[in-house]
Structures are given as C-alpha cells and as structure tokens.
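One structure is given here, and the rest of the page talks about it.
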Amino acid sequence: MSATPDETAKVLAAWEKNAPSYDRQIAFLERVWFAGGREWLGARARGRVLEVAIGTGLNLPHYPADVTITGLDLSPAMLAIAERRAARLGRAVDLHLGDAEALPFPGKSFDTVLCALSLCGIPDPAAAIGAMKRVLVPGGRLLLVDHVGSTWPPIRAAQWLLERLTIRAAGEHFTRRQLPLVRAAGFDIVEAERLKAGTVERVFARKPVGD
C-alpha cells in the first residue's frame, strides 16, 4: 500500500526544515558510520543513472565521468542545494521534483537506479523499490546503501526505542531492512554486505533480463 498524503507531507516538511543544515548534521556520521558508502555506489554506477532521493547531492563527486545523472527528490529545498553543488562541481545533472513511490519517468529508462540513506524515510519502501525496478532496463543495476536494523540485539533494541520518536517526528525508521524487499521485488542479488554491527547495508542487485 502506498503512503498516505499525511505520511508524505510529514517527510516533506522534515526535509524542507532540515535542508539548510543537513550537510553539517550528517558530516560526522559520513566519516564514522557510513564511511566509504558513497564511493561504493559511485564505483558501480553505469550509463544512464537515476538517483532517487538525491538530497543535497552528496553522491555527485563520486560518479564516474562518463555517466549521465538524473536526480529526483521530494524536497525543493534539498534540490536547490543539489543544483548548487552540481554547478560547483561542473557536473551536468537533470533534477526533478517528485515522489520515490511514483517515479515520473517511462519504464526501462535507466541503466542504474541508486538510492542512498533514504529508503529508511520513504513511507512505503516496497512501492519505491517497485518503481525503481519499473524504470530500469532489463539487466539494469539497483544500488542501495542504508542504515538498517542491527544484527546485535542490544543495538537493535536501542534502534527500536529511538524510532518511537523519529517515526512520529519525521518518518525516519531505524529497524527496517531493504534486502528482503529487493528480493521480493524479483531482483537478482549481485552483492550484499552489512557493516557496523549490521547497522549499515549495501546492496547491488540486477533487474532480470527477461523482465
């Protein structure tokens, strides 16, 4: 079931509010918790790339020079920052305002679809993954990095307590795991790894050639 308008509005309001300070807020976590994740994504991106929930464009420095990049985000404020970052980098990016659960692109339009640290906050991640599959060419790449529920019970319990607050405030989940949703959507898994006591997961999957 897709997100309700209220759920989507809550997520949008949170990102609009946090956009100006997002890069500063996440800088420490980027170094300590998510280190290497953006480089991992960029190294596997190929061809026509769609970045879902591009945010402030923190992945832009890590893309190969020969890919073409389309970015989508729910938040106009985040997109404005991504646009400025792309200009500073001299990187051409086609930016769109839109919802990850209903991607506004034709089917089989992209060779790679990428999403970083965002499925944790998208109200219906299964719908978003289904939309990503729709716009991928057969054999296309799905690349995900996100924080997920820990493999260590004490940490998972703390994550569960934390999200009692964050889900209400901003729709942010800490105990989700995206890999089962990717499998359920019919993707073939190429790589999957969990880091930091299982709290960070990287997934590289392919859309089957026959789809």
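Identifiers in the structure tokens: chain A, B, ... in order shown; residue index from 1 per chain; ligand index from 1 in order shown.
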Hey, which bits of region 124-211 of chain A sit within 10 Å of region 39-44 of chain A, and for each residue what's the closest pair of atoms and how far apart in Å (one decimal), counting only C-alpha atoms, rows by chain and increasing number, as a Markdown table?
| residue | atom | partner | partner_atom | distance |
| --- | --- | --- | --- | --- |
| A:Arg141 | CA | A:Arg44 | CA | 8.4 |
| A:Leu142 | CA | A:Arg44 | CA | 9.5 |
| A:Leu143 | CA | A:Leu41 | CA | 6.4 |
| A:Leu144 | CA | A:Leu41 | CA | 7.5 |
| A:Val145 | CA | A:Leu41 | CA | 7.7 |
| A:Arg202 | CA | A:Trp40 | CA | 8.4 |
| A:Val203 | CA | A:Leu41 | CA | 9.3 |
| A:Phe204 | CA | A:Arg44 | CA | 8.2 |
Skip region 174-187 of chain A itself and residues of its chain fewer than 3 positions away, then list as number ranges by chain all residues within 9 Å of it, counting only C-alpha atoms. A: 119-120, 125-126, 129-130, 133, 142, 144, 146-150, 156-157, 159-160, 162-163, 166-167, 192, 199, 201-203, 205-208
The distance between CA of Ala45 (chain A) and CA of Thr112 (chain A) is 6.1 Å
Q) Of the candidates A:Arg164, A:Leu74, A:Phe105, A:Ala82, which shows the shortest atom-to-atom distance to Lys10 (chain A), using only C-alpha atoms? A)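 Nearest candidate to Lys10 (chain A) out of A:Arg164, A:Leu74, A:Phe105, A:Ala82: A:Leu74.
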Name all residues at most 10 Å from Leu103 (chain A) (count only C-alpha atoms; drop same-chain ones fewer than 3 positions away) and give them as a PyMOL selection string. chain A and resi 52+72+96-100+106-107+128+130-132+134-135
Could you turn the residues from that selection into a file that holds N, CA and C atoms, as a CSV table (one decimal), in the first residue's frame?
chain,number,residue,atom,x,y,z
A,52,VAL,N,17.5,8.3,-6.8
A,52,VAL,CA,16.3,8.6,-6.2
A,52,VAL,C,16.6,9.2,-4.8
A,72,LEU,N,16.2,12.9,-8.5
A,72,LEU,CA,14.8,13.2,-8.1
A,72,LEU,C,14.8,13.3,-6.5
A,96,HIS,N,14.8,16.7,-10.9
A,96,HIS,CA,13.3,16.6,-10.9
A,96,HIS,C,12.7,16.6,-9.5
A,97,LEU,N,11.6,17.3,-9.3
A,97,LEU,CA,10.8,17.2,-8.1
A,97,LEU,C,9.8,16.1,-8.2
A,98,GLY,N,9.8,15.1,-7.3
A,98,GLY,CA,8.9,14.0,-7.4
A,98,GLY,C,9.0,13.1,-6.2
A,99,ASP,N,8.1,12.1,-6.2
A,99,ASP,CA,7.9,11.1,-5.2
A,99,ASP,C,8.6,9.8,-5.6
A,100,ALA,N,9.4,9.2,-4.7
A,100,ALA,CA,10.1,8.0,-5.0
A,100,ALA,C,9.1,6.8,-5.2
A,106,PRO,N,9.4,7.2,-17.8
A,106,PRO,CA,8.9,6.0,-18.5
A,106,PRO,C,9.7,4.7,-18.1
A,107,GLY,N,9.0,3.6,-18.3
A,107,GLY,CA,9.7,2.3,-18.0
A,107,GLY,C,10.9,2.1,-18.8
A,128,ALA,N,8.5,2.1,-3.5
A,128,ALA,CA,9.6,2.8,-4.1
A,128,ALA,C,10.6,1.8,-4.9
A,130,GLY,N,9.7,-1.1,-6.1
A,130,GLY,CA,8.9,-1.5,-7.3
A,130,GLY,C,9.0,-0.4,-8.4
A,131,ALA,N,8.9,0.9,-8.0
A,131,ALA,CA,9.0,1.9,-9.0
A,131,ALA,C,10.4,2.0,-9.6
A,132,MET,N,11.4,1.7,-8.8
A,132,MET,CA,12.8,1.7,-9.3
A,132,MET,C,13.0,0.6,-10.4
A,134,ARG,N,10.7,-0.7,-12.2
A,134,ARG,CA,9.9,-0.4,-13.5
A,134,ARG,C,10.8,0.5,-14.4
A,135,VAL,N,11.5,1.4,-13.9
A,135,VAL,CA,12.3,2.4,-14.7
A,135,VAL,C,13.6,1.8,-15.2
The distance between CA of Val93 (chain A) and CA of Gly71 (chain A) is 6.8 Å
Checklist entry - When DSSP works through the backbone of this structure, what residues of chain A end up as helix (DSSP H, G or I), shown as JSON, numbers by chain? => result {"A": [5, 6, 7, 8, 9, 10, 11, 12, 13, 14, 15, 16, 17, 18, 19, 20, 21, 22, 23, 24, 25, 26, 27, 28, 29, 30, 31, 32, 37, 38, 39, 40, 41, 42, 43, 44, 60, 61, 62, 76, 77, 78, 79, 80, 81, 82, 83, 84, 85, 86, 87, 88, 89, 100, 101, 102, 125, 126, 127, 128, 129, 130, 131, 132, 133, 134, 135, 153, 154, 155, 156, 157, 158, 159, 160, 161, 162, 163, 164, 165, 166, 167, 168, 169, 170, 179, 180, 181, 182, 183, 184]}
Sel. of strand (DSSP E) residues, region 33-204 of chain A, as a ChimeraX atom specification
/A:48-52,68-73,93-97,110-116,136-147,188-195,200-204
(message) as a PyMOL selection string, please: the residues near Leu79 (chain A) (cut-off 8 Å, only C-alpha atoms, same-chain neighbours under 2 positions excluded).
(response) chain A and resi 54-57+72-73+75-77+81-83+95-97
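Taking CA of Ala80 (chain A) as the reference point, CA of Arg168 (chain A) is found at 26.2 Å.
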* Pick out the closest residue to Ile69 (chain A) from this set: A:Asp124, A:Asp23, A:Glu101, A:Asp111. Count only C-alpha atoms. =>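 When distances to Ile69 (chain A) are compared using only C-alpha atoms, the smallest one comes from A:Asp111.
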List the spatial neighbours of Tyr22 (chain A) as a VMD selection string - criterion: any atom at most 12 Å away, only C-alpha atoms, same-chain residues fewer than 3 positions off excluded. chain A and resid 14 to 19 25 to 30 55 to 58 77 to 78 81 to 82
